[in-house]
$ cat upload_2.cif   # mmCIF, C-alpha atoms and all ligand atoms
data_data
#
loop_
_atom_site.label_atom_id
_atom_site.label_comp_id
_atom_site.auth_asym_id
_atom_site.auth_seq_id
_atom_site.Cartn_x
_atom_site.Cartn_y
_atom_site.Cartn_z
CA MET A 10 27.16 9.06 -26.17
CA THR A 11 28.65 6.37 -23.93
CA THR A 12 29.29 8.97 -21.23
CA THR A 13 25.69 10.20 -21.36
CA CYS A 14 24.34 6.65 -21.08
CA SER A 15 26.50 5.73 -18.11
CA THR A 16 25.54 8.99 -16.37
CA VAL A 17 21.85 8.20 -16.84
CA LEU A 18 22.32 4.63 -15.61
CA ASP A 19 24.25 5.74 -12.54
CA GLN A 20 21.16 6.72 -10.58
CA PRO A 21 20.50 5.87 -6.93
CA LEU A 22 17.08 4.55 -8.02
CA LEU A 23 18.74 1.93 -10.22
CA ARG A 24 21.01 0.45 -7.54
CA PRO A 25 20.04 -2.87 -5.91
CA ALA A 26 18.62 -2.87 -2.38
CA GLU A 27 17.69 -5.30 0.37
CA LEU A 28 14.43 -4.77 2.22
CA GLY A 29 14.58 -7.45 4.89
CA ASP A 30 14.64 -10.73 2.95
CA LEU A 31 13.42 -9.08 -0.25
CA GLN A 32 16.27 -8.53 -2.74
CA LEU A 33 15.50 -5.73 -5.19
CA PRO A 34 17.50 -5.17 -8.40
CA ASN A 35 16.42 -1.50 -8.35
CA ARG A 36 14.74 0.89 -5.91
CA VAL A 37 11.72 1.84 -8.02
CA VAL A 38 8.77 0.31 -6.14
CA MET A 39 5.23 0.12 -7.52
CA ALA A 40 2.94 1.57 -4.81
CA PRO A 41 -0.38 -0.13 -3.99
CA MET A 42 -3.31 0.99 -6.11
CA THR A 43 -6.92 -0.12 -5.89
CA ARG A 44 -8.11 -0.56 -9.49
CA ALA A 45 -11.48 -2.29 -8.90
CA ARG A 46 -11.13 -4.87 -11.69
CA ALA A 47 -12.29 -8.00 -9.79
CA THR A 48 -15.73 -7.72 -11.34
CA GLY A 49 -16.57 -11.45 -11.59
CA GLU A 50 -17.96 -13.83 -8.97
CA GLY A 51 -16.23 -14.07 -5.59
CA LEU A 52 -13.82 -11.09 -5.87
CA VAL A 53 -11.26 -13.29 -7.65
CA PRO A 54 -8.29 -11.76 -9.51
CA ASN A 55 -8.62 -12.54 -13.22
CA GLY A 56 -6.56 -12.57 -16.41
CA MET A 57 -6.44 -8.78 -16.55
CA HIS A 58 -4.74 -8.71 -13.14
CA THR A 59 -2.13 -11.15 -14.47
CA ASP A 60 -1.45 -8.91 -17.48
CA TYR A 61 -1.45 -5.68 -15.46
CA TYR A 62 1.07 -6.86 -12.87
CA GLY A 63 3.09 -8.83 -15.46
CA GLN A 64 3.48 -5.66 -17.55
CA ARG A 65 4.95 -3.93 -14.47
CA ALA A 66 7.37 -6.75 -13.46
CA GLY A 67 10.37 -4.47 -14.10
CA ALA A 68 9.64 -2.67 -10.80
CA GLY A 69 12.17 -3.38 -8.06
CA LEU A 70 9.14 -4.53 -6.06
CA ILE A 71 5.42 -4.54 -6.84
CA ILE A 72 3.05 -3.91 -3.95
CA THR A 73 -0.43 -5.00 -5.04
CA GLU A 74 -3.66 -3.13 -4.56
CA GLY A 75 -5.16 -3.52 -1.09
CA THR A 76 -6.90 -6.94 -0.80
CA TRP A 77 -9.48 -8.14 1.70
CA VAL A 78 -8.32 -10.35 4.56
CA SER A 79 -11.91 -11.58 5.05
CA GLU A 80 -15.46 -10.81 3.95
CA ARG A 81 -15.87 -8.58 7.03
CA ALA A 82 -13.01 -6.40 5.78
CA ILE A 83 -14.78 -5.39 2.54
CA GLY A 84 -15.44 -1.69 1.95
CA PHE A 85 -15.01 -0.91 -1.78
CA PRO A 86 -16.52 -2.51 -4.90
CA ASN A 87 -14.70 -5.03 -7.10
CA VAL A 88 -11.56 -5.29 -4.96
CA PRO A 89 -10.10 -8.83 -4.83
CA GLY A 90 -9.68 -10.79 -1.61
CA VAL A 91 -7.22 -13.38 -0.33
CA TYR A 92 -9.52 -15.49 1.86
CA SER A 93 -10.92 -18.09 -0.60
CA GLU A 94 -9.27 -20.93 -2.54
CA GLU A 95 -10.44 -19.35 -5.84
CA GLN A 96 -8.77 -16.08 -4.89
CA ILE A 97 -5.54 -17.88 -3.97
CA SER A 98 -5.57 -19.64 -7.38
CA GLY A 99 -6.20 -16.33 -9.18
CA TRP A 100 -3.31 -14.70 -7.32
CA ARG A 101 -1.06 -17.71 -8.11
CA ARG A 102 -1.43 -16.90 -11.82
CA VAL A 103 -0.38 -13.30 -11.08
CA THR A 104 2.69 -14.21 -9.01
CA ASP A 105 3.77 -16.88 -11.55
CA ALA A 106 3.67 -14.29 -14.35
CA VAL A 107 5.56 -11.66 -12.35
CA HIS A 108 8.22 -14.17 -11.27
CA ALA A 109 8.59 -15.61 -14.79
CA LEU A 110 9.22 -12.04 -15.97
CA GLY A 111 11.92 -11.54 -13.31
CA GLY A 112 9.88 -9.51 -10.79
CA ARG A 113 9.04 -9.60 -7.08
CA ILE A 114 5.56 -8.98 -5.66
CA VAL A 115 4.04 -8.55 -2.20
CA LEU A 116 0.33 -8.50 -1.38
CA GLN A 117 -1.21 -5.57 0.48
CA LEU A 118 -3.63 -6.65 3.25
CA TRP A 119 -6.62 -4.36 3.84
CA HIS A 120 -9.53 -4.09 6.29
CA THR A 121 -11.83 -1.07 6.17
CA GLY A 122 -13.42 -1.56 9.65
CA ALA A 123 -15.79 1.29 10.48
CA ALA A 124 -15.15 2.90 7.08
CA SER A 125 -17.20 0.14 5.42
CA HIS A 126 -20.98 0.32 4.96
CA PRO A 127 -23.96 -2.03 5.48
CA ASP A 128 -24.28 -2.16 1.65
CA HIS A 129 -20.97 -4.08 1.58
CA LEU A 130 -21.82 -6.34 4.50
CA GLY A 131 -25.19 -7.84 3.59
CA GLY A 132 -26.96 -5.15 5.63
CA ALA A 133 -24.90 -5.71 8.82
CA LEU A 134 -23.35 -2.75 10.63
CA PRO A 135 -19.60 -2.31 10.15
CA ALA A 136 -17.49 -2.76 13.29
CA GLY A 137 -14.67 -0.56 14.55
CA PRO A 138 -12.78 0.26 17.74
CA SER A 139 -15.75 2.17 19.25
CA ALA A 140 -19.29 3.15 18.25
CA VAL A 141 -18.12 6.42 16.68
CA ASP A 142 -18.90 7.34 13.06
CA PRO A 143 -15.58 8.01 11.24
CA ARG A 144 -17.53 10.51 9.05
CA GLU A 145 -15.90 9.46 5.80
CA ARG A 146 -17.24 8.82 2.30
CA THR A 147 -17.46 5.15 1.42
CA TYR A 148 -17.77 3.85 -2.17
CA THR A 149 -20.57 1.31 -2.43
CA PRO A 150 -21.95 -0.51 -5.49
CA GLY A 151 -24.71 2.14 -5.43
CA GLY A 152 -22.25 5.06 -5.45
CA PRO A 153 -20.57 7.12 -2.71
CA LYS A 154 -22.34 7.15 0.67
CA ALA A 155 -21.66 8.58 4.12
CA THR A 156 -20.31 6.15 6.72
CA VAL A 157 -22.57 5.15 9.63
CA THR A 158 -22.08 4.70 13.38
CA PRO A 159 -20.40 1.28 13.66
CA ARG A 160 -20.61 -1.41 16.34
CA GLU A 161 -17.76 -1.60 18.85
CA MET A 162 -15.68 -4.72 18.22
CA THR A 163 -15.58 -7.22 21.06
CA ILE A 164 -12.24 -8.55 22.30
CA SER A 165 -12.98 -11.86 20.63
CA GLU A 166 -13.71 -10.10 17.30
CA ILE A 167 -10.37 -8.31 17.58
CA ARG A 168 -8.60 -11.64 18.19
CA ASN A 169 -10.43 -13.14 15.20
CA THR A 170 -9.33 -10.21 13.06
CA VAL A 171 -5.68 -10.75 14.03
CA ALA A 172 -6.15 -14.43 13.14
CA GLU A 173 -7.61 -13.41 9.76
CA TYR A 174 -4.47 -11.41 9.00
CA ARG A 175 -2.36 -14.46 9.94
CA THR A 176 -4.41 -16.65 7.59
CA ALA A 177 -4.26 -14.00 4.85
CA ALA A 178 -0.45 -13.93 5.08
CA VAL A 179 -0.34 -17.75 4.93
CA ASN A 180 -2.66 -17.62 1.91
CA ALA A 181 -0.41 -15.00 0.30
CA ARG A 182 2.54 -17.31 0.73
CA ARG A 183 0.54 -20.22 -0.74
CA ALA A 184 -0.32 -17.97 -3.69
CA GLY A 185 3.40 -17.44 -4.33
CA PHE A 186 3.81 -13.89 -3.00
CA ASP A 187 7.23 -12.80 -1.77
CA GLY A 188 5.69 -11.14 1.28
CA VAL A 189 2.81 -8.98 2.48
CA GLU A 190 2.32 -5.33 3.32
CA VAL A 191 -0.03 -4.31 6.14
CA HIS A 192 -2.23 -1.41 4.98
CA ALA A 193 -2.23 0.88 8.03
CA LEU A 194 -3.10 4.29 6.56
CA GLY A 195 -6.11 6.31 5.45
CA PRO A 196 -9.37 6.11 7.44
CA PHE A 197 -9.38 2.29 7.73
CA LEU A 198 -9.38 -0.27 10.57
CA ILE A 199 -5.82 0.05 11.87
CA PRO A 200 -5.69 3.89 11.79
CA GLN A 201 -9.15 3.87 13.45
CA PHE A 202 -7.59 2.01 16.38
CA LEU A 203 -4.59 4.39 16.43
CA ASN A 204 -6.87 7.46 16.50
CA PRO A 205 -8.06 8.62 19.97
CA ARG A 206 -11.05 10.39 18.36
CA LEU A 207 -12.35 7.03 17.11
CA ASN A 208 -10.87 4.63 19.68
CA ARG A 209 -12.57 5.30 23.04
CA ARG A 210 -11.85 1.83 24.42
CA ARG A 211 -10.62 1.33 27.96
CA ASP A 212 -9.38 -2.24 27.47
CA ALA A 213 -6.02 -3.54 26.19
CA TYR A 214 -6.72 -2.17 22.68
CA GLY A 215 -7.38 1.43 23.74
CA GLY A 216 -6.71 3.86 26.55
CA ASP A 217 -3.17 5.11 26.06
CA ARG A 218 -1.17 5.22 22.84
CA ALA A 219 0.47 1.84 23.58
CA GLY A 220 -3.01 0.31 23.82
CA ARG A 221 -4.21 1.98 20.63
CA ARG A 222 -1.27 0.61 18.63
CA ARG A 223 -1.57 -2.92 20.07
CA LEU A 224 -3.78 -4.14 17.20
CA LEU A 225 -1.17 -3.14 14.59
CA MET A 226 1.66 -4.80 16.53
CA GLU A 227 -0.33 -8.03 16.91
CA ILE A 228 -1.22 -8.01 13.20
CA VAL A 229 2.43 -7.50 12.20
CA ASP A 230 3.58 -10.36 14.42
CA ALA A 231 0.75 -12.62 13.23
CA ALA A 232 1.52 -11.94 9.54
CA ALA A 233 5.26 -12.48 10.16
CA THR A 234 4.64 -16.08 11.27
CA ALA A 235 3.91 -17.01 7.64
CA TRP A 236 7.63 -16.76 6.73
CA ASP A 237 10.94 -17.52 8.46
CA GLY A 238 12.63 -14.25 7.48
CA ARG A 239 11.57 -10.61 7.20
CA ARG A 240 8.86 -10.42 4.55
CA VAL A 241 6.23 -8.18 6.13
CA GLY A 242 6.12 -4.45 5.44
CA VAL A 243 3.95 -1.81 7.12
CA ARG A 244 2.46 1.17 5.28
CA LEU A 245 1.80 4.18 7.49
CA SER A 246 0.98 7.84 7.23
CA PRO A 247 0.20 10.26 10.03
CA TYR A 248 -0.89 12.80 7.40
CA TRP A 249 -4.36 11.53 6.50
CA THR A 250 -6.58 14.57 7.07
CA ALA A 251 -10.37 14.46 7.32
CA GLU A 252 -12.99 15.43 9.87
CA ARG A 253 -11.78 12.82 12.41
CA PHE A 254 -8.13 12.58 11.31
CA THR A 255 -5.64 15.40 11.82
CA ALA A 256 -1.85 15.41 11.66
CA ASP A 257 -1.56 17.54 14.81
CA GLU A 258 1.24 17.38 17.39
CA ARG A 259 -0.54 14.62 19.30
CA THR A 260 -0.89 12.47 16.17
CA LEU A 261 2.75 13.02 15.25
CA ALA A 262 3.85 12.10 18.80
CA ASP A 263 1.73 8.92 18.63
CA TYR A 264 3.35 7.97 15.32
CA ASP A 265 6.86 8.74 16.61
CA ALA A 266 6.32 6.23 19.42
CA LEU A 267 4.70 3.75 17.06
CA VAL A 268 7.54 3.88 14.53
CA ALA A 269 10.12 3.48 17.30
CA GLU A 270 8.27 0.41 18.58
CA LEU A 271 8.15 -1.12 15.10
CA CYS A 272 11.96 -1.47 15.32
CA ASP A 273 11.36 -4.35 17.76
CA HIS A 274 9.17 -6.26 15.28
CA PRO A 275 10.40 -8.41 12.37
CA LEU A 276 9.67 -6.02 9.51
CA ALA A 277 11.07 -6.11 5.97
CA TYR A 278 10.44 -2.38 5.60
CA LEU A 279 8.45 0.66 6.65
CA HIS A 280 6.54 2.29 3.77
CA LEU A 281 5.85 5.93 4.58
CA ARG A 282 3.41 8.06 2.62
CA GLY A 283 4.59 11.60 3.29
CA PRO A 284 2.50 14.77 3.28
CA ALA A 285 1.04 15.92 -0.04
CA PRO A 286 3.58 18.06 -1.93
CA ALA A 287 2.89 21.79 -1.55
CA ALA A 288 1.68 22.04 -5.18
CA PRO A 289 1.27 19.54 -8.00
CA GLY A 290 4.76 18.79 -9.31
CA ALA A 291 6.52 20.44 -6.32
CA ALA A 292 9.39 18.48 -4.79
CA PRO A 293 8.30 16.40 -1.78
CA ASP A 294 9.47 17.85 1.53
CA HIS A 295 12.34 15.79 2.99
CA ASP A 296 11.56 16.64 6.62
CA ALA A 297 8.93 13.93 7.10
CA PHE A 298 11.22 11.23 5.75
CA ALA A 299 14.14 12.51 7.86
CA ARG A 300 11.92 12.33 10.97
CA TYR A 301 11.06 8.65 10.49
CA ARG A 302 14.54 7.77 9.24
CA ARG A 303 15.85 8.82 12.65
CA LEU A 304 13.26 6.76 14.52
CA PHE A 305 13.20 3.56 12.45
CA ASP A 306 16.38 1.52 12.05
CA GLY A 307 15.18 -0.71 9.17
CA PRO A 308 14.64 -0.06 5.44
CA LEU A 309 12.33 2.83 4.53
CA ILE A 310 10.28 3.29 1.33
CA ALA A 311 9.27 6.91 0.65
CA ASN A 312 6.09 7.82 -1.26
CA HIS A 313 3.97 10.74 -2.41
CA GLY A 314 4.61 12.95 -5.36
CA PHE A 315 8.02 11.68 -6.40
CA GLY A 316 9.45 11.78 -9.93
CA ARG A 317 12.77 10.62 -11.29
CA GLU A 318 14.94 13.49 -10.00
CA THR A 319 13.23 13.80 -6.63
CA GLY A 320 13.34 10.02 -6.13
CA ASN A 321 17.06 9.97 -6.82
CA ALA A 322 17.50 12.94 -4.47
CA VAL A 323 15.73 11.38 -1.47
CA ILE A 324 17.75 8.17 -1.82
CA GLY A 325 20.95 10.11 -2.53
CA ALA A 326 20.39 12.12 0.67
CA GLY A 327 20.24 8.83 2.62
CA LEU A 328 16.64 9.46 3.72
CA ALA A 329 15.06 6.43 2.03
CA ASP A 330 16.17 3.06 0.69
CA ALA A 331 13.57 2.99 -2.09
CA VAL A 332 10.83 5.20 -3.53
CA SER A 333 7.35 4.03 -4.43
CA TYR A 334 5.37 5.38 -7.37
CA ALA A 335 1.64 4.97 -7.78
CA THR A 336 0.21 7.23 -10.47
CA HIS A 337 3.37 7.09 -12.64
CA PHE A 338 2.98 3.30 -12.84
CA VAL A 339 -0.58 3.60 -14.19
CA ALA A 340 0.45 4.85 -17.66
CA ASN A 341 4.14 3.80 -17.61
CA PRO A 342 4.26 0.02 -17.18
CA ASP A 343 8.01 0.19 -18.00
CA LEU A 344 8.69 3.00 -15.53
CA VAL A 345 12.13 1.66 -14.57
CA ALA A 346 13.24 1.56 -18.22
CA ARG A 347 11.91 5.09 -18.75
CA PHE A 348 13.92 6.32 -15.76
CA ALA A 349 17.00 4.40 -16.93
CA LEU A 350 16.76 5.75 -20.49
CA ASP A 351 15.61 9.21 -19.36
CA ARG A 352 12.40 9.12 -21.36
CA GLU A 353 9.34 11.32 -20.98
CA LEU A 354 6.59 9.88 -18.79
CA ALA A 355 3.06 9.33 -20.10
CA ALA A 356 0.08 10.71 -18.16
CA GLY A 357 -2.61 8.31 -16.93
CA ASP A 358 -6.34 8.98 -17.04
CA PRO A 359 -7.86 9.27 -13.53
CA GLY A 360 -11.27 8.74 -15.14
CA THR A 361 -10.41 5.03 -15.61
CA TYR A 362 -8.82 4.37 -12.21
CA TYR A 363 -11.83 2.47 -10.83
CA THR A 364 -14.10 1.93 -13.83
CA GLY A 365 -13.44 -1.76 -14.47
CA GLY A 366 -12.50 -3.18 -17.88
CA ALA A 367 -9.26 -3.16 -19.83
CA GLY A 368 -9.37 0.54 -20.79
CA GLY A 369 -6.87 2.56 -18.77
CA TYR A 370 -5.70 -0.65 -17.06
CA VAL A 371 -3.80 -3.00 -19.36
CA ASP A 372 -3.68 -0.93 -22.55
CA TYR A 373 -0.89 1.55 -21.74
CA PRO A 374 2.08 0.66 -24.00
CA ALA A 375 5.74 0.39 -23.07
CA SER A 376 7.85 3.19 -24.52
CA ARG A 377 9.50 2.80 -27.96
CA TRP A 378 13.08 3.70 -28.81
CA ASN A 379 12.27 7.13 -30.28
CA ASP A 380 9.55 8.15 -27.76
CA GLY A 381 10.33 11.45 -26.05
CA VAL A 382 13.97 11.00 -25.03
CA ARG A 383 14.57 14.02 -22.78
CA ARG A 384 18.27 14.63 -23.52
C1 LIG B 1 -6.06 4.84 -8.09
C2 LIG B 1 -5.37 4.81 -6.76
C3 LIG B 1 -5.62 3.77 -5.89
C4 LIG B 1 -4.93 3.68 -4.66
N1 LIG B 1 -5.14 2.59 -3.86
C5 LIG B 1 -4.37 2.39 -2.76
C6 LIG B 1 -4.41 1.16 -2.03
O1 LIG B 1 -5.13 0.20 -2.37
N2 LIG B 1 -3.61 1.06 -0.94
C7 LIG B 1 -2.79 2.07 -0.53
O2 LIG B 1 -2.09 1.92 0.47
N3 LIG B 1 -2.72 3.24 -1.21
C8 LIG B 1 -3.45 3.41 -2.33
N4 LIG B 1 -3.33 4.57 -3.08
C9 LIG B 1 -2.34 5.59 -2.69
C10 LIG B 1 -1.05 5.42 -3.50
O3 LIG B 1 -0.40 4.20 -3.16
C11 LIG B 1 -0.05 6.57 -3.27
O4 LIG B 1 0.18 6.73 -1.89
C12 LIG B 1 -0.49 7.92 -3.83
O5 LIG B 1 -1.05 7.80 -5.14
C13 LIG B 1 0.69 8.90 -3.89
O6 LIG B 1 1.74 8.35 -4.68
P1 LIG B 1 2.11 8.97 -6.11
O7 LIG B 1 2.39 10.42 -5.88
O8 LIG B 1 3.31 8.21 -6.60
O9 LIG B 1 0.91 8.76 -7.00
C14 LIG B 1 -4.02 4.69 -4.29
C15 LIG B 1 -3.82 5.76 -5.17
C16 LIG B 1 -4.45 5.83 -6.40
C17 LIG B 1 -4.14 6.97 -7.33
#
$ encode --input "upload_2.cif" --output "structure tokens" --more "lines below"
Ligand SMILES: Cc1cc2nc3c(=O)[nH]c(=O)nc-3n(C[C@H](O)[C@H](O)[C@H](O)COP(=O)(O)O)c2cc1C
Amino acid sequence: MTTTCSTVLDQPLLRPAELGDLQLPNRVVMAPMTRARATGEGLVPNGMHTDYYGQRAGAGLIITEGTWVSERAIGFPNVPGVYSEEQISGWRRVTDAVHALGGRIVLQLWHTGAASHPDHLGGALPAGPSAVDPRERTYTPGGPKATVTPREMTISEIRNTVAEYRTAAVNARRAGFDGVEVHALGPFLIPQFLNPRLNRRRDAYGGDRAGRRRLLMEIVDAAATAWDGRRVGVRLSPYWTAERFTADERTLADYDALVAELCDHPLAYLHLRGPAPAAPGAAPDHDAFARYRRLFDGPLIANHGFGRETGNAVIGAGLADAVSYATHFVANPDLVARFALDRELAAGDPGTYYTGGAGGYVDYPASRWNDGVRR
């Protein structure tokens, strides 16, 4: 019995790690998940957010849902922001609970840019790198809608946006967060600038690949000024695929150069969402993580389709320092304990991901001693 227990506890996922100035007691990271529960006035996190994140404080690190850096960033219903005093107070209750329960939590910073919709912006056109429709679906209070042709951002709007990220990071620190993560994947503002199909600019923020990645670099440096040490992570993925986004050789070459340049910036970690596993439940392919491991000399968090064994394997192979889990954390608030005790995982209900209310959000129980032990 003792032998079995120590074997289960001797997992790479359960070893401590340092991601910049973030000290993690284990390598099981909660990945960011939009849950659309800020349904009251002013997009303020409420008591349910405090419970939800508090229940998951056993994670080595919690990365919150994406949160708006400003009102102009908004592009999804009922997502909280970090630009008002009420929002900062709401987040303070969340960080106090997580810290009291022994956890660490960073805030993900989000801006949807051209992937927003006039319905989110009081009728105003969204703005992006160029006046090119990203041709995505956007979720508005009236249901899913097609994106529109945005306005091209002026240089002064771009500078204001960088300043908004700086303020958002300062606000995150005031709210008690241990750091921030820059949301730079999907079809949103930063990947719009990285993408030559959407960024047709000829100024300092476009043209060649160095110009297209300038916005991200400036945002990272601006956010980093909120702390003395390394407390800013970046979440990237070259694999977002839609009409205007393709992980072709040119995209991969752009991201190779981008990841190499990130080594010169004061990051806590790089959070890489890999390609979708070949089939549901299939082991994630290690090649993508190996590629960025070679290029980036700081800590790497791997994501997309991992379970307990595959998470241990990618860390054991030296390809990642930590693994992030999104969907497993929905229905397994005590995911780390379940990994440590080798318990079965519960399945979450995708039907309640974005519905609002407590159902499917704060009502998943922790496991009990005789729940589905696998050995
Ligand atoms: C309900 C839901 C909401 C998500 N919201 C975000 C988000 O706000 N920011 C982000 O970077 N990724 C978001 N993602 C992507 C996840 O962080 C993650 O990359 C994806 O679910 C794959 O990880 P998994 O296989 O562990 O679930 C979301 C995923 C889900 C299922």
$ residues_near_point --input "upload_2.cif" --point "(8.5, 15.9, -3.4)" --cutoff "9 Å" --atoms "all atoms listed in the file" --output "list in words"
Gly283, Ala285, Pro286, Ala287, Gly290, Ala291, Ala292, Pro293, Asp294, His295, Asn312, His313, Gly314, Phe315, Gly316, Thr319, Gly320 and Val323 of chain A
$ write_last_selection --input "upload_2.cif" --atoms "C-alpha atoms" --output "PDB file, keeping the file's coordinate frame"
ATOM      1  CA  GLY A 283       4.590  11.600   3.290  1.00  0.00           C
ATOM      2  CA  ALA A 285       1.040  15.920  -0.040  1.00  0.00           C
ATOM      3  CA  PRO A 286       3.580  18.060  -1.930  1.00  0.00           C
ATOM      4  CA  ALA A 287       2.890  21.790  -1.550  1.00  0.00           C
ATOM      5  CA  GLY A 290       4.760  18.790  -9.310  1.00  0.00           C
ATOM      6  CA  ALA A 291       6.520  20.440  -6.320  1.00  0.00           C
ATOM      7  CA  ALA A 292       9.390  18.480  -4.790  1.00  0.00           C
ATOM      8  CA  PRO A 293       8.300  16.400  -1.780  1.00  0.00           C
ATOM      9  CA  ASP A 294       9.470  17.850   1.530  1.00  0.00           C
ATOM     10  CA  HIS A 295      12.340  15.790   2.990  1.00  0.00           C
ATOM     11  CA  ASN A 312       6.090   7.820  -1.260  1.00  0.00           C
ATOM     12  CA  HIS A 313       3.970  10.740  -2.410  1.00  0.00           C
ATOM     13  CA  GLY A 314       4.610  12.950  -5.360  1.00  0.00           C
ATOM     14  CA  PHE A 315       8.020  11.680  -6.400  1.00  0.00           C
ATOM     15  CA  GLY A 316       9.450  11.780  -9.930  1.00  0.00           C
ATOM     16  CA  THR A 319      13.230  13.800  -6.630  1.00  0.00           C
ATOM     17  CA  GLY A 320      13.340  10.020  -6.130  1.00  0.00           C
ATOM     18  CA  VAL A 323      15.730  11.380  -1.470  1.00  0.00           C
TER      19      VAL A 323
END
$ residues_around --input "upload_2.cif" --residues "stretch 340-353 of chain A" --least-positions-apart "6" --cutoff "9 Å" --atoms "all atoms listed in the file" --output "number ranges by chain"
A: 14, 17-20, 22-23, 35, 37, 61-62, 64-69, 317, 369-376, 380-384
$ closest_residue --input "upload_2.cif" --among "A:Ala178, A:Ala123, A:Ile199, A:Ala322" --to "A:Val157" --atoms "only C-alpha atoms"
A:Ala123
$ atom_distance --input "upload_2.cif" --atom1 "atom CA of A:Arg302" --atom2 "atom O2 of ligand LIG 1 (chain B)"
19.7 Å
$ atom_distance --input "upload_2.cif" --atom1 "atom CA of A:Thr336" --atom2 "atom CA of A:Leu33"
20.7 Å
$ closest_residue --input "upload_2.cif" --among "A:Glu190, A:Glu318, A:Asp296, A:Glu95" --to "A:Ala232" --atoms "all atoms listed in the file"
A:Glu190
$ residues_near_ligand --input "upload_2.cif" --ligand "ligand LIG 1 (chain B)" --cutoff "9 Å" --atoms "all atoms listed in the file" --output "tab-separated table (two decimals) with C-alpha atoms, keeping the file's coordinate frame"
chain	number	residue	atom	x	y	z
A	39	MET	CA	5.23	0.12	-7.52
A	40	ALA	CA	2.94	1.57	-4.81
A	41	PRO	CA	-0.38	-0.13	-3.99
A	42	MET	CA	-3.31	0.99	-6.11
A	43	THR	CA	-6.92	-0.12	-5.89
A	44	ARG	CA	-8.11	-0.56	-9.49
A	45	ALA	CA	-11.48	-2.29	-8.90
A	72	ILE	CA	3.05	-3.91	-3.95
A	73	THR	CA	-0.43	-5.00	-5.04
A	74	GLU	CA	-3.66	-3.13	-4.56
A	75	GLY	CA	-5.16	-3.52	-1.09
A	76	THR	CA	-6.90	-6.94	-0.80
A	88	VAL	CA	-11.56	-5.29	-4.96
A	117	GLN	CA	-1.21	-5.57	0.48
A	118	LEU	CA	-3.63	-6.65	3.25
A	119	TRP	CA	-6.62	-4.36	3.84
A	190	GLU	CA	2.32	-5.33	3.32
A	191	VAL	CA	-0.03	-4.31	6.14
A	192	HIS	CA	-2.23	-1.41	4.98
A	193	ALA	CA	-2.23	0.88	8.03
A	194	LEU	CA	-3.10	4.29	6.56
A	195	GLY	CA	-6.11	6.31	5.45
A	244	ARG	CA	2.46	1.17	5.28
A	245	LEU	CA	1.80	4.18	7.49
A	281	LEU	CA	5.85	5.93	4.58
A	282	ARG	CA	3.41	8.06	2.62
A	283	GLY	CA	4.59	11.60	3.29
A	285	ALA	CA	1.04	15.92	-0.04
A	286	PRO	CA	3.58	18.06	-1.93
A	312	ASN	CA	6.09	7.82	-1.26
A	313	HIS	CA	3.97	10.74	-2.41
A	314	GLY	CA	4.61	12.95	-5.36
A	315	PHE	CA	8.02	11.68	-6.40
A	316	GLY	CA	9.45	11.78	-9.93
A	332	VAL	CA	10.83	5.20	-3.53
A	333	SER	CA	7.35	4.03	-4.43
A	334	TYR	CA	5.37	5.38	-7.37
A	335	ALA	CA	1.64	4.97	-7.78
A	336	THR	CA	0.21	7.23	-10.47
A	337	HIS	CA	3.37	7.09	-12.64
A	338	PHE	CA	2.98	3.30	-12.84
A	339	VAL	CA	-0.58	3.60	-14.19
A	359	PRO	CA	-7.86	9.27	-13.53
A	361	THR	CA	-10.41	5.03	-15.61
A	362	TYR	CA	-8.82	4.37	-12.21
A	363	TYR	CA	-11.83	2.47	-10.83
$ closest_residue --input "upload_2.cif" --among "A:Pro86, A:Gly63, A:Gly185, A:Gly29" --to "A:Leu116" --atoms "all atoms listed in the file"
A:Gly185
$ closest_residue --input "upload_2.cif" --among "A:Gly220, A:Gly151, A:Leu70, A:Thr59" --to "A:Glu27" --atoms "only C-alpha atoms"
A:Leu70
$ closest_residue --input "upload_2.cif" --among "A:Pro159, A:Gly325, A:Gly366, A:Pro275" --to "A:Asp306" --atoms "only C-alpha atoms"
A:Pro275
$ atom_distance --input "upload_2.cif" --atom1 "atom CA of A:Ala299" --atom2 "atom CA of A:Ala311"
10.3 Å
$ closest_residue --input "upload_2.cif" --among "A:Glu252, A:Asp142, A:Asp60, A:Glu80" --to "A:Arg102" --atoms "all atoms listed in the file"
A:Asp60
$ residues_around --input "upload_2.cif" --residues "A:Ile97" --least-positions-apart "2" --cutoff "10 Å" --atoms "all atoms listed in the file" --output "mmCIF file with C-alpha atoms, keeping the file's coordinate frame"
data_model
loop_
_atom_site.group_PDB
_atom_site.id
_atom_site.type_symbol
_atom_site.label_atom_id
_atom_site.label_comp_id
_atom_site.auth_asym_id
_atom_site.auth_seq_id
_atom_site.Cartn_x
_atom_site.Cartn_y
_atom_site.Cartn_z
ATOM 1 C CA VAL A 53 -11.260 -13.290 -7.650
ATOM 2 C CA PRO A 54 -8.290 -11.760 -9.510
ATOM 3 C CA GLY A 90 -9.680 -10.790 -1.610
ATOM 4 C CA VAL A 91 -7.220 -13.380 -0.330
ATOM 5 C CA TYR A 92 -9.520 -15.490 1.860
ATOM 6 C CA SER A 93 -10.920 -18.090 -0.600
ATOM 7 C CA GLU A 94 -9.270 -20.930 -2.540
ATOM 8 C CA GLU A 95 -10.440 -19.350 -5.840
ATOM 9 C CA GLY A 99 -6.200 -16.330 -9.180
ATOM 10 C CA TRP A 100 -3.310 -14.700 -7.320
ATOM 11 C CA ARG A 101 -1.060 -17.710 -8.110
ATOM 12 C CA ARG A 102 -1.430 -16.900 -11.820
ATOM 13 C CA VAL A 103 -0.380 -13.300 -11.080
ATOM 14 C CA ALA A 177 -4.260 -14.000 4.850
ATOM 15 C CA ASN A 180 -2.660 -17.620 1.910
ATOM 16 C CA ALA A 181 -0.410 -15.000 0.300
ATOM 17 C CA ARG A 182 2.540 -17.310 0.730
ATOM 18 C CA ARG A 183 0.540 -20.220 -0.740
ATOM 19 C CA ALA A 184 -0.320 -17.970 -3.690
ATOM 20 C CA GLY A 185 3.400 -17.440 -4.330
#
